[in-house]
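Shown here: input.cif, mmCIF, C-alpha atoms.
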data_query
loop_
_atom_site.label_atom_id
_atom_site.label_comp_id
_atom_site.auth_asym_id
_atom_site.auth_seq_id
_atom_site.Cartn_x
_atom_site.Cartn_y
_atom_site.Cartn_z
CA MET I 261 0.00 0.00 0.00
CA ARG I 262 1.29 3.41 -0.86
CA SER I 263 1.77 5.87 1.95
CA PRO I 264 -0.93 8.52 2.14
CA ASP I 265 1.82 10.97 2.96
CA GLY I 266 4.04 10.92 0.01
CA PRO I 267 5.03 9.07 -3.10
CA ARG I 268 8.45 7.53 -3.56
CA ALA I 269 11.20 9.83 -4.74
CA ALA I 270 10.98 8.71 -8.36
CA ASP I 271 7.35 9.88 -8.50
CA LEU I 272 7.75 13.05 -6.46
CA PRO I 273 5.94 16.08 -7.78
CA GLU I 274 8.38 18.53 -9.32
CA THR I 275 8.14 20.92 -6.41
CA GLU I 276 9.06 18.29 -3.82
CA ALA I 277 11.68 16.73 -6.08
CA SER I 278 13.26 20.11 -6.72
CA LEU I 279 13.12 21.00 -3.03
CA LEU I 280 14.86 17.73 -2.29
CA ALA I 281 17.53 18.40 -4.91
CA ARG I 282 18.12 21.89 -3.54
CA ALA I 283 18.22 20.61 0.03
CA GLN I 284 20.75 17.97 -0.97
CA ALA I 285 22.81 20.74 -2.53
CA GLY I 286 22.91 22.51 0.84
CA ASP I 287 19.92 24.86 0.68
CA VAL I 288 18.58 25.13 4.24
CA ALA I 289 15.43 27.00 3.21
CA ALA I 290 14.55 24.25 0.74
CA PHE I 291 15.08 21.62 3.42
CA GLU I 292 12.74 23.51 5.76
CA ARG I 293 10.05 23.77 3.09
CA LEU I 294 10.40 20.11 2.23
CA SER I 295 10.25 18.94 5.84
CA SER I 296 7.72 21.39 7.20
CA ALA I 297 4.98 19.54 5.31
CA TYR I 298 5.46 16.68 7.76
CA ALA I 299 6.45 18.67 10.86
CA ASP I 300 3.07 18.71 12.64
CA ARG I 301 2.51 15.00 12.12
CA LEU I 302 6.04 14.16 13.13
CA PHE I 303 5.71 16.21 16.31
CA MET I 304 2.45 14.43 17.12
CA LEU I 305 4.20 11.09 16.69
CA LEU I 306 6.92 12.15 19.11
CA LEU I 307 4.32 13.30 21.64
CA ARG I 308 2.66 9.93 21.43
CA LEU I 309 5.89 8.01 21.79
CA LEU I 310 7.42 10.19 24.50
CA GLY I 311 4.39 11.54 26.34
CA ASP I 312 6.18 14.72 27.31
CA ARG I 313 5.90 17.97 25.37
CA ALA I 314 9.23 19.48 26.38
CA GLU I 315 11.08 16.30 25.50
CA ALA I 316 9.15 15.96 22.23
CA GLU I 317 10.15 19.51 21.29
CA ASP I 318 13.80 18.79 22.02
CA VAL I 319 13.74 15.50 20.09
CA ALA I 320 11.88 17.11 17.17
CA GLN I 321 14.74 19.59 16.78
CA GLU I 322 17.24 16.74 16.90
CA VAL I 323 15.27 14.79 14.27
CA MET I 324 15.37 17.73 11.89
CA LEU I 325 19.08 18.26 12.52
CA ARG I 326 19.84 14.59 11.80
CA ALA I 327 17.68 14.67 8.69
CA TRP I 328 19.48 17.78 7.48
CA ARG I 329 22.88 16.24 8.11
CA GLY I 330 21.85 13.01 6.40
CA ILE I 331 19.87 14.45 3.49
CA THR I 332 22.60 13.73 0.96
CA ARG I 333 22.35 10.04 1.86
CA PHE I 334 18.61 9.93 1.11
CA ARG I 335 18.35 8.03 -2.16
CA GLY I 336 14.58 7.72 -2.44
CA GLN I 337 14.26 3.98 -1.79
CA SER I 338 11.37 4.97 0.47
CA SER I 339 9.23 8.07 0.58
CA TYR I 340 10.76 11.12 2.24
CA PHE I 341 8.04 10.84 4.88
CA THR I 342 9.04 7.25 5.73
CA TRP I 343 12.68 8.22 5.94
CA LEU I 344 11.92 11.16 8.24
CA TYR I 345 9.62 9.09 10.43
CA ARG I 346 12.28 6.43 10.81
CA ILE I 347 14.71 9.03 12.10
CA ALA I 348 12.01 10.21 14.50
CA VAL I 349 11.40 6.70 15.87
CA ASN I 350 15.14 6.15 16.31
CA GLU I 351 15.53 9.44 18.15
CA ALA I 352 12.49 8.76 20.34
CA ASN I 353 13.94 5.37 21.26
CA ARG I 354 17.27 7.00 22.05
CA ALA I 355 15.50 9.50 24.33
CA LEU I 356 13.57 6.72 26.04
CA GLU I 357 16.78 4.78 26.66
CA LYS I 358 18.33 7.89 28.21
CA ARG I 359 15.26 8.34 30.35
CA ALA I 360 15.44 4.73 31.54
CA ARG I 361 19.00 5.33 32.75
CA ARG I 362 17.96 8.33 34.83
CA PRO I 363 17.31 7.94 38.58
CA ALA I 364 13.89 6.70 39.61
CA GLY I 365 11.16 9.29 39.93
CA VAL I 366 11.39 10.74 36.46
CA THR I 367 9.80 7.91 34.53
CA LEU I 368 6.83 8.52 32.31
CA GLY I 369 3.66 9.14 34.27
CA PRO I 370 0.37 7.90 32.90
CA ASP I 371 -1.15 11.37 32.74
CA GLU I 372 1.70 12.57 30.56
CA LEU I 373 0.68 10.24 27.80
CA GLN I 374 -2.86 11.53 27.52
CA LEU I 375 -3.45 11.74 23.86
CA PRO I 376 -4.77 14.94 22.33
CA ALA I 377 -8.25 14.63 20.94
CA PRO I 378 -8.71 14.94 17.20
CA ALA I 379 -9.57 18.55 16.46
CA ALA I 380 -12.51 17.57 14.31
CA LEU I 381 -14.47 16.15 17.25
CA ASP I 382 -17.13 18.36 18.79
CA PRO I 383 -16.85 19.15 22.53
CA SER I 384 -19.47 16.63 23.67
CA ARG I 385 -17.79 13.88 21.68
CA GLN I 386 -14.42 14.88 23.11
CA ALA I 387 -15.80 14.64 26.65
CA GLU I 388 -17.35 11.27 25.88
CA ASN I 389 -13.99 9.95 24.71
CA SER I 390 -11.79 11.57 27.33
CA GLU I 391 -11.92 8.66 29.75
CA LEU I 392 -11.03 6.19 27.04
CA ARG I 393 -8.17 8.45 25.89
CA ARG I 394 -6.84 8.52 29.44
CA ALA I 395 -7.12 4.75 29.65
CA LEU I 396 -5.37 4.34 26.31
CA GLY I 397 -2.70 6.80 27.41
CA ARG I 398 -2.07 4.86 30.61
CA ALA I 399 -1.95 1.57 28.74
CA LEU I 400 0.44 2.99 26.13
CA ALA I 401 2.68 4.43 28.86
CA ASP I 402 3.01 0.98 30.39
CA LEU I 403 4.06 -0.69 27.15
CA PRO I 404 7.74 -1.35 26.44
CA PRO I 405 8.86 1.16 23.77
CA PRO I 406 9.02 -1.35 20.85
CA LEU I 407 5.43 -2.43 21.50
CA ARG I 408 4.27 1.17 21.95
CA THR I 409 5.92 2.16 18.68
CA ALA I 410 4.22 -0.70 16.84
CA LEU I 411 0.76 0.18 18.13
CA VAL I 412 1.17 3.90 17.52
CA LEU I 413 2.46 3.48 13.96
CA ARG I 414 -0.07 0.87 12.85
CA ASP I 415 -3.23 1.62 14.83
CA VAL I 416 -3.03 5.29 15.78
CA GLU I 417 -1.17 6.58 12.71
CA GLY I 418 -2.92 4.10 10.44
CA LEU I 419 0.19 3.24 8.42
CA SER I 420 0.36 0.02 6.44
CA THR I 421 2.17 -2.87 8.07
CA GLN I 422 4.90 -2.66 5.44
CA GLU I 423 5.56 1.03 5.99
CA ALA I 424 5.23 0.84 9.77
CA ALA I 425 7.71 -2.06 9.87
CA GLU I 426 10.15 -0.11 7.71
CA ILE I 427 9.88 2.91 10.00
CA ALA I 428 10.31 0.74 13.09
CA GLY I 429 13.37 -0.83 11.48
CA VAL I 430 12.23 -4.45 11.71
CA GLY I 431 10.85 -7.07 9.33
CA GLU I 432 7.11 -7.39 8.85
CA ALA I 433 6.84 -10.64 10.82
CA ALA I 434 8.63 -9.15 13.81
CA PHE I 435 6.55 -6.00 13.56
CA LYS I 436 3.30 -7.95 13.54
CA SER I 437 4.42 -9.94 16.54
CA ARG I 438 5.03 -6.68 18.43
CA LEU I 439 1.70 -5.25 17.32
CA HIS I 440 -0.25 -8.31 18.43
CA GLN I 441 1.50 -8.36 21.81
CA ALA I 442 0.82 -4.65 22.26
CA ARG I 443 -2.87 -5.05 21.49
CA LEU I 444 -3.25 -7.96 23.89
CA ARG I 445 -1.62 -5.94 26.67
CA VAL I 446 -3.67 -2.82 25.99
CA ARG I 447 -6.88 -4.83 25.84
CA ALA I 448 -6.04 -6.43 29.18
CA ALA I 449 -5.19 -3.04 30.71
CA ILE I 450 -8.29 -1.20 29.51
CA GLY I 451 -10.78 -4.00 29.92
CA ASP I 452 -13.43 -5.23 27.53
CA GLU I 453 -16.21 -3.23 29.17
CA ALA I 454 -14.49 0.12 28.60
CA LEU I 455 -13.65 -0.85 25.04
CA ALA I 456 -17.22 -1.88 24.35
CA SER I 457 -18.32 1.64 25.24
CA THR I 458 -16.48 3.01 22.20
CA GLY I 459 -19.13 1.65 19.90
CA GLY I 460 -16.39 0.58 17.51
CA MET P 938 -18.87 -20.67 28.30
CA ARG P 939 -16.01 -22.91 27.46
CA VAL P 940 -16.62 -26.12 25.61
CA PRO P 941 -15.27 -29.13 27.52
CA GLY P 942 -12.21 -30.53 25.87
CA ARG P 943 -11.60 -27.38 23.87
CA THR P 944 -9.29 -25.63 26.32
CA ASP P 945 -6.50 -25.65 23.77
CA ASP P 946 -8.77 -23.88 21.31
CA HIS P 947 -9.69 -21.31 23.94
CA GLU P 948 -6.13 -20.42 24.90
CA TRP P 949 -5.08 -20.39 21.27
CA SER P 950 -8.05 -18.18 20.31
CA GLN P 951 -7.34 -15.70 23.09
CA GLN P 952 -3.76 -15.38 21.85
CA HIS P 953 -4.84 -14.85 18.26
CA LEU P 954 -7.61 -12.28 18.57
CA SER P 955 -5.40 -9.53 17.18
CA HIS P 956 -4.28 -11.71 14.28
CA TYR P 957 -7.96 -12.43 13.61
CA VAL P 958 -9.06 -8.79 13.40
CA GLU P 959 -5.92 -7.93 11.41
CA GLY P 960 -6.75 -10.61 8.85
CA ASP P 961 -3.46 -12.37 9.52
CA LEU P 962 -4.83 -15.88 10.02
CA ILE P 963 -4.78 -18.44 7.23
CA PRO P 964 -8.28 -19.63 6.29
CA ARG P 965 -8.07 -22.84 8.32
CA ALA P 966 -6.96 -20.96 11.45
CA ARG P 967 -9.67 -18.36 10.93
CA ARG P 968 -12.30 -21.09 10.69
CA ARG P 969 -10.92 -22.62 13.89
CA LEU P 970 -11.33 -19.36 15.76
CA ASP P 971 -14.77 -18.70 14.23
CA ARG P 972 -15.92 -22.16 15.25
CA HIS P 973 -14.63 -21.74 18.78
CA ALA P 974 -16.06 -18.22 19.22
CA ARG P 975 -19.53 -19.44 18.26
CA ASP P 976 -19.57 -21.45 21.49
CA CYS P 977 -17.36 -19.28 23.68
CA ALA P 978 -18.74 -16.03 25.04
CA ASP P 979 -15.27 -15.00 26.28
CA CYS P 980 -13.74 -15.20 22.84
CA ALA P 981 -16.74 -13.65 21.08
CA ARG P 982 -16.42 -10.71 23.48
CA GLY P 983 -12.68 -10.72 22.90
CA ILE P 984 -13.15 -10.28 19.17
CA ARG P 985 -15.50 -7.34 19.76
CA ALA P 986 -13.07 -5.80 22.26
CA MET P 987 -10.12 -6.15 19.92
CA ARG P 988 -12.06 -4.53 17.07
CA ALA P 989 -13.10 -1.74 19.43
CA LEU P 990 -9.51 -1.23 20.52
CA VAL P 991 -8.30 -0.82 16.94
CA TYR P 992 -11.23 1.48 16.21
CA ALA P 993 -10.54 3.63 19.29
CA ALA P 994 -6.83 3.86 18.52
CA ARG P 995 -7.47 4.87 14.92
CA ARG P 996 -9.89 7.57 16.04
CA LEU P 997 -7.00 9.13 17.92
CA GLY P 998 -5.10 9.52 14.67
CA GLY P 999 -5.89 11.80 11.78
CA PRO P 1000 -5.93 15.58 11.92
CA VAL P 1001 -5.13 16.98 15.32
CA GLY P 1002 -4.91 20.49 16.65
CA VAL P 1003 -1.29 20.02 17.68
CA ARG P 1004 1.27 22.10 15.80
CA ALA P 1005 4.97 21.52 15.66
CA PRO P 1006 6.92 24.08 17.70
CA GLU P 1007 8.32 27.05 15.82
CA THR P 1008 11.74 26.08 17.12
CA ILE P 1009 11.75 22.80 15.20
CA PHE P 1010 14.31 24.03 12.64
CA ASP P 1011 16.45 26.06 15.06
CA ARG P 1012 19.30 23.53 15.17
CA VAL P 1013 19.21 23.11 11.40
CA ARG P 1014 19.50 26.88 10.98
CA SER P 1015 22.39 27.04 13.43
CA ALA P 1016 24.14 24.17 11.64
CA GLY P 1017 23.44 25.72 8.23
CA ALA P 1018 24.82 29.07 9.33
CA GLY P 1019 27.90 27.45 10.80
#
Written as structure tokens, how would this file's structure read?
Amino acid sequence: MRSPDGPRAADLPETEASLLARAQAGDVAAFERLSSAYADRLFMLLLRLLGDRAEAEDVAQEVMLRAWRGITRFRGQSSYFTWLYRIAVNEANRALEKRARRPAGVTLGPDELQLPAPAALDPSRQAENSELRRALGRALADLPPPLRTALVLRDVEGLSTQEAAEIAGVGEAAFKSRLHQARLRVRAAIGDEALASTGG
Amino acid sequence: MRVPGRTDDHEWSQQHLSHYVEGDLIPRARRRLDRHARDCADCARGIRAMRALVYAARRLGGPVGVRAPETIFDRVRSAGAG
């Protein structure tokens, strides 16, 4: 399945292809224009993986810096979006490893992973879903990072298994194994009754 | 209610609910879970819960009101100017 976020480099629209070429030639402004199309979504991904706004802001800057430094190595085997997202997942994992080495008391709290509501929902619908969002946030916070990444990429972001596995840096079979484990754990944490109330 | 003598099917089904809703089971395995869930309220509820979980997670995606910080390119600019 093709990514909804961008074709592969060979099919890039002229504007994106030319921005990429200029960025690879060292044009910072072109790099910013190219990457800013994905900046909001990338930041949202980092918020979901890290659960902390300040840390997500710091990591987002680092992601863009690494992408800028590595842009000449981007050969278009994947979409630019996939490439950027993979850097983001790697940086998020690096930040989570650092966090795990810190002294106790600064680990991720469940409330920090409360997921923002989709903007399109009306206020009553947002209120109706807030408890489930909190429960999902708590369950996500308790997942080991590889399982959390799998669930966020496939279920929350809605990426195809192929693309999500590529971003996570594992084969499809390993990715699916992580996804299934993550879902079983989240289901157990939230409970069937709460899930049934979603009407899904 | 569990069917006597089908404990293996029950444990196996509980472990494969996500595979089932993802469409990852081969036809014979899917039929096995379907057959078991017809007689097992736990697993029938499990299928509904797993579908609801995927549905709820996907509703969290899509357009959100969160914007990337304006500082997101600061380090790139510093590096580019250096």
Practice prompt. Return as JSON, numbers by chain the set of residues that the PyMOL selection byres ((chain P) within 12 of (chain I)) yields on the displayed structure.
Written response: {"P": [950, 951, 952, 953, 954, 955, 956, 957, 958, 959, 960, 961, 962, 979, 980, 981, 982, 983, 984, 985, 986, 987, 988, 989, 990, 991, 992, 993, 994, 995, 996, 997, 998, 999, 1000, 1001, 1002, 1003, 1004, 1005, 1006, 1007, 1008, 1009, 1010, 1011, 1012, 1013, 1014, 1015, 1016, 1017, 1018, 1019]}
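The spacing separating CA of Gly330 (chain I) from CA of Leu356 (chain I) amounts to 22.2 Å.
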Item to complete: Could you jot down the CA of Ala410 (chain I) to CA of Glu391 (chain I) separation for me, Å, one decimal place?
Response: 22.7 Å
If you keep N, CA and C atoms, can you output region 277-322 of chain I as a PDB file, in the first residue's frame?
ATOM      1  N   ALA I 277      10.414  17.250  -5.535  1.00  0.00           N
ATOM      2  CA  ALA I 277      11.676  16.731  -6.085  1.00  0.00           C
ATOM      3  C   ALA I 277      12.719  17.846  -6.177  1.00  0.00           C
ATOM      4  N   SER I 278      12.276  19.033  -6.592  1.00  0.00           N
ATOM      5  CA  SER I 278      13.258  20.114  -6.719  1.00  0.00           C
ATOM      6  C   SER I 278      13.684  20.622  -5.348  1.00  0.00           C
ATOM      7  N   LEU I 279      12.740  20.621  -4.397  1.00  0.00           N
ATOM      8  CA  LEU I 279      13.124  20.999  -3.029  1.00  0.00           C
ATOM      9  C   LEU I 279      14.154  20.026  -2.484  1.00  0.00           C
ATOM     10  N   LEU I 280      13.927  18.742  -2.752  1.00  0.00           N
ATOM     11  CA  LEU I 280      14.859  17.727  -2.289  1.00  0.00           C
ATOM     12  C   LEU I 280      16.238  17.941  -2.918  1.00  0.00           C
ATOM     13  N   ALA I 281      16.251  18.195  -4.216  1.00  0.00           N
ATOM     14  CA  ALA I 281      17.533  18.400  -4.910  1.00  0.00           C
ATOM     15  C   ALA I 281      18.256  19.620  -4.341  1.00  0.00           C
ATOM     16  N   ARG I 282      17.495  20.684  -4.087  1.00  0.00           N
ATOM     17  CA  ARG I 282      18.118  21.895  -3.536  1.00  0.00           C
ATOM     18  C   ARG I 282      18.615  21.649  -2.110  1.00  0.00           C
ATOM     19  N   ALA I 283      17.805  20.917  -1.345  1.00  0.00           N
ATOM     20  CA  ALA I 283      18.224  20.609   0.030  1.00  0.00           C
ATOM     21  C   ALA I 283      19.501  19.776   0.004  1.00  0.00           C
ATOM     22  N   GLN I 284      19.552  18.821  -0.903  1.00  0.00           N
ATOM     23  CA  GLN I 284      20.746  17.971  -0.969  1.00  0.00           C
ATOM     24  C   GLN I 284      21.971  18.754  -1.450  1.00  0.00           C
ATOM     25  N   ALA I 285      21.694  19.874  -2.099  1.00  0.00           N
ATOM     26  CA  ALA I 285      22.806  20.741  -2.526  1.00  0.00           C
ATOM     27  C   ALA I 285      23.199  21.732  -1.436  1.00  0.00           C
ATOM     28  N   GLY I 286      22.507  21.671  -0.288  1.00  0.00           N
ATOM     29  CA  GLY I 286      22.911  22.513   0.842  1.00  0.00           C
ATOM     30  C   GLY I 286      22.012  23.704   1.118  1.00  0.00           C
ATOM     31  N   ASP I 287      20.839  23.733   0.501  1.00  0.00           N
ATOM     32  CA  ASP I 287      19.918  24.863   0.676  1.00  0.00           C
ATOM     33  C   ASP I 287      19.031  24.612   1.903  1.00  0.00           C
ATOM     34  N   VAL I 288      19.323  25.326   2.982  1.00  0.00           N
ATOM     35  CA  VAL I 288      18.582  25.128   4.244  1.00  0.00           C
ATOM     36  C   VAL I 288      17.105  25.481   4.076  1.00  0.00           C
ATOM     37  N   ALA I 289      16.833  26.570   3.384  1.00  0.00           N
ATOM     38  CA  ALA I 289      15.430  26.997   3.215  1.00  0.00           C
ATOM     39  C   ALA I 289      14.629  25.926   2.475  1.00  0.00           C
ATOM     40  N   ALA I 290      15.248  25.313   1.474  1.00  0.00           N
ATOM     41  CA  ALA I 290      14.553  24.252   0.736  1.00  0.00           C
ATOM     42  C   ALA I 290      14.297  23.053   1.638  1.00  0.00           C
ATOM     43  N   PHE I 291      15.272  22.724   2.472  1.00  0.00           N
ATOM     44  CA  PHE I 291      15.084  21.615   3.422  1.00  0.00           C
ATOM     45  C   PHE I 291      13.914  21.909   4.356  1.00  0.00           C
ATOM     46  N   GLU I 292      13.842  23.146   4.849  1.00  0.00           N
ATOM     47  CA  GLU I 292      12.744  23.510   5.755  1.00  0.00           C
ATOM     48  C   GLU I 292      11.396  23.390   5.058  1.00  0.00           C
ATOM     49  N   ARG I 293      11.329  23.857   3.815  1.00  0.00           N
ATOM     50  CA  ARG I 293      10.051  23.773   3.092  1.00  0.00           C
ATOM     51  C   ARG I 293       9.673  22.319   2.848  1.00  0.00           C
ATOM     52  N   LEU I 294      10.639  21.527   2.488  1.00  0.00           N
ATOM     53  CA  LEU I 294      10.399  20.106   2.230  1.00  0.00           C
ATOM     54  C   LEU I 294       9.903  19.396   3.490  1.00  0.00           C
ATOM     55  N   SER I 295      10.542  19.674   4.607  1.00  0.00           N
ATOM     56  CA  SER I 295      10.254  18.937   5.843  1.00  0.00           C
ATOM     57  C   SER I 295       9.072  19.507   6.616  1.00  0.00           C
ATOM     58  N   SER I 296       8.788  20.775   6.415  1.00  0.00           N
ATOM     59  CA  SER I 296       7.717  21.386   7.205  1.00  0.00           C
ATOM     60  C   SER I 296       6.356  20.779   6.864  1.00  0.00           C
ATOM     61  N   ALA I 297       6.246  20.188   5.676  1.00  0.00           N
ATOM     62  CA  ALA I 297       4.978  19.543   5.309  1.00  0.00           C
ATOM     63  C   ALA I 297       4.650  18.396   6.264  1.00  0.00           C
ATOM     64  N   TYR I 298       5.660  17.830   6.880  1.00  0.00           N
ATOM     65  CA  TYR I 298       5.459  16.685   7.764  1.00  0.00           C
ATOM     66  C   TYR I 298       5.690  17.034   9.229  1.00  0.00           C
ATOM     67  N   ALA I 299       6.002  18.295   9.514  1.00  0.00           N
ATOM     68  CA  ALA I 299       6.445  18.669  10.859  1.00  0.00           C
ATOM     69  C   ALA I 299       5.365  18.449  11.922  1.00  0.00           C
ATOM     70  N   ASP I 300       4.125  18.859  11.626  1.00  0.00           N
ATOM     71  CA  ASP I 300       3.069  18.709  12.638  1.00  0.00           C
ATOM     72  C   ASP I 300       2.841  17.230  12.966  1.00  0.00           C
ATOM     73  N   ARG I 301       2.780  16.424  11.924  1.00  0.00           N
ATOM     74  CA  ARG I 301       2.507  15.001  12.124  1.00  0.00           C
ATOM     75  C   ARG I 301       3.673  14.320  12.847  1.00  0.00           C
ATOM     76  N   LEU I 302       4.856  14.733  12.485  1.00  0.00           N
ATOM     77  CA  LEU I 302       6.042  14.161  13.129  1.00  0.00           C
ATOM     78  C   LEU I 302       6.075  14.531  14.617  1.00  0.00           C
ATOM     79  N   PHE I 303       5.728  15.778  14.917  1.00  0.00           N
ATOM     80  CA  PHE I 303       5.713  16.206  16.312  1.00  0.00           C
ATOM     81  C   PHE I 303       4.657  15.433  17.100  1.00  0.00           C
ATOM     82  N   MET I 304       3.512  15.209  16.480  1.00  0.00           N
ATOM     83  CA  MET I 304       2.447  14.428  17.120  1.00  0.00           C
ATOM     84  C   MET I 304       2.924  13.012  17.429  1.00  0.00           C
ATOM     85  N   LEU I 305       3.652  12.431  16.468  1.00  0.00           N
ATOM     86  CA  LEU I 305       4.198  11.086  16.688  1.00  0.00           C
ATOM     87  C   LEU I 305       5.120  11.083  17.908  1.00  0.00           C
ATOM     88  N   LEU I 306       5.986  12.088  17.984  1.00  0.00           N
ATOM     89  CA  LEU I 306       6.922  12.153  19.111  1.00  0.00           C
ATOM     90  C   LEU I 306       6.185  12.334  20.439  1.00  0.00           C
ATOM     91  N   LEU I 307       5.127  13.141  20.422  1.00  0.00           N
ATOM     92  CA  LEU I 307       4.325  13.302  21.641  1.00  0.00           C
ATOM     93  C   LEU I 307       3.735  11.962  22.075  1.00  0.00           C
ATOM     94  N   ARG I 308       3.276  11.212  21.096  1.00  0.00           N
ATOM     95  CA  ARG I 308       2.659   9.926  21.431  1.00  0.00           C
ATOM     96  C   ARG I 308       3.685   8.916  21.934  1.00  0.00           C
ATOM     97  N   LEU I 309       4.873   8.974  21.374  1.00  0.00           N
ATOM     98  CA  LEU I 309       5.888   8.007  21.788  1.00  0.00           C
ATOM     99  C   LEU I 309       6.543   8.406  23.102  1.00  0.00           C
ATOM    100  N   LEU I 310       6.675   9.720  23.331  1.00  0.00           N
ATOM    101  CA  LEU I 310       7.416  10.186  24.500  1.00  0.00           C
ATOM    102  C   LEU I 310       6.506  10.636  25.641  1.00  0.00           C
ATOM    103  N   GLY I 311       5.332  11.139  25.302  1.00  0.00           N
ATOM    104  CA  GLY I 311       4.391  11.542  26.337  1.00  0.00           C
ATOM    105  C   GLY I 311       4.808  12.769  27.128  1.00  0.00           C
ATOM    106  N   ASP I 312       5.691  13.542  26.594  1.00  0.00           N
ATOM    107  CA  ASP I 312       6.183  14.719  27.314  1.00  0.00           C
ATOM    108  C   ASP I 312       6.481  15.808  26.277  1.00  0.00           C
ATOM    109  N   ARG I 313       5.794  16.930  26.407  1.00  0.00           N
ATOM    110  CA  ARG I 313       5.896  17.969  25.367  1.00  0.00           C
ATOM    111  C   ARG I 313       7.298  18.559  25.263  1.00  0.00           C
ATOM    112  N   ALA I 314       7.897  18.855  26.421  1.00  0.00           N
ATOM    113  CA  ALA I 314       9.228  19.480  26.378  1.00  0.00           C
ATOM    114  C   ALA I 314      10.240  18.545  25.726  1.00  0.00           C
ATOM    115  N   GLU I 315      10.145  17.268  26.076  1.00  0.00           N
ATOM    116  CA  GLU I 315      11.081  16.296  25.504  1.00  0.00           C
ATOM    117  C   GLU I 315      10.793  16.110  24.005  1.00  0.00           C
ATOM    118  N   ALA I 316       9.516  16.107  23.647  1.00  0.00           N
ATOM    119  CA  ALA I 316       9.153  15.955  22.231  1.00  0.00           C
ATOM    120  C   ALA I 316       9.677  17.142  21.417  1.00  0.00           C
ATOM    121  N   GLU I 317       9.635  18.334  22.001  1.00  0.00           N
ATOM    122  CA  GLU I 317      10.152  19.513  21.292  1.00  0.00           C
ATOM    123  C   GLU I 317      11.657  19.398  21.077  1.00  0.00           C
ATOM    124  N   ASP I 318      12.340  18.948  22.115  1.00  0.00           N
ATOM    125  CA  ASP I 318      13.796  18.787  22.016  1.00  0.00           C
ATOM    126  C   ASP I 318      14.139  17.717  20.972  1.00  0.00           C
ATOM    127  N   VAL I 319      13.440  16.596  21.030  1.00  0.00           N
ATOM    128  CA  VAL I 319      13.735  15.499  20.094  1.00  0.00           C
ATOM    129  C   VAL I 319      13.358  15.903  18.667  1.00  0.00           C
ATOM    130  N   ALA I 320      12.291  16.669  18.511  1.00  0.00           N
ATOM    131  CA  ALA I 320      11.884  17.111  17.165  1.00  0.00           C
ATOM    132  C   ALA I 320      12.992  17.944  16.525  1.00  0.00           C
ATOM    133  N   GLN I 321      13.618  18.808  17.314  1.00  0.00           N
ATOM    134  CA  GLN I 321      14.742  19.594  16.780  1.00  0.00           C
ATOM    135  C   GLN I 321      15.894  18.681  16.369  1.00  0.00           C
ATOM    136  N   GLU I 322      16.141  17.670  17.187  1.00  0.00           N
ATOM    137  CA  GLU I 322      17.236  16.744  16.895  1.00  0.00           C
ATOM    138  C   GLU I 322      16.939  15.929  15.632  1.00  0.00           C
TER     139      GLU I 322
END
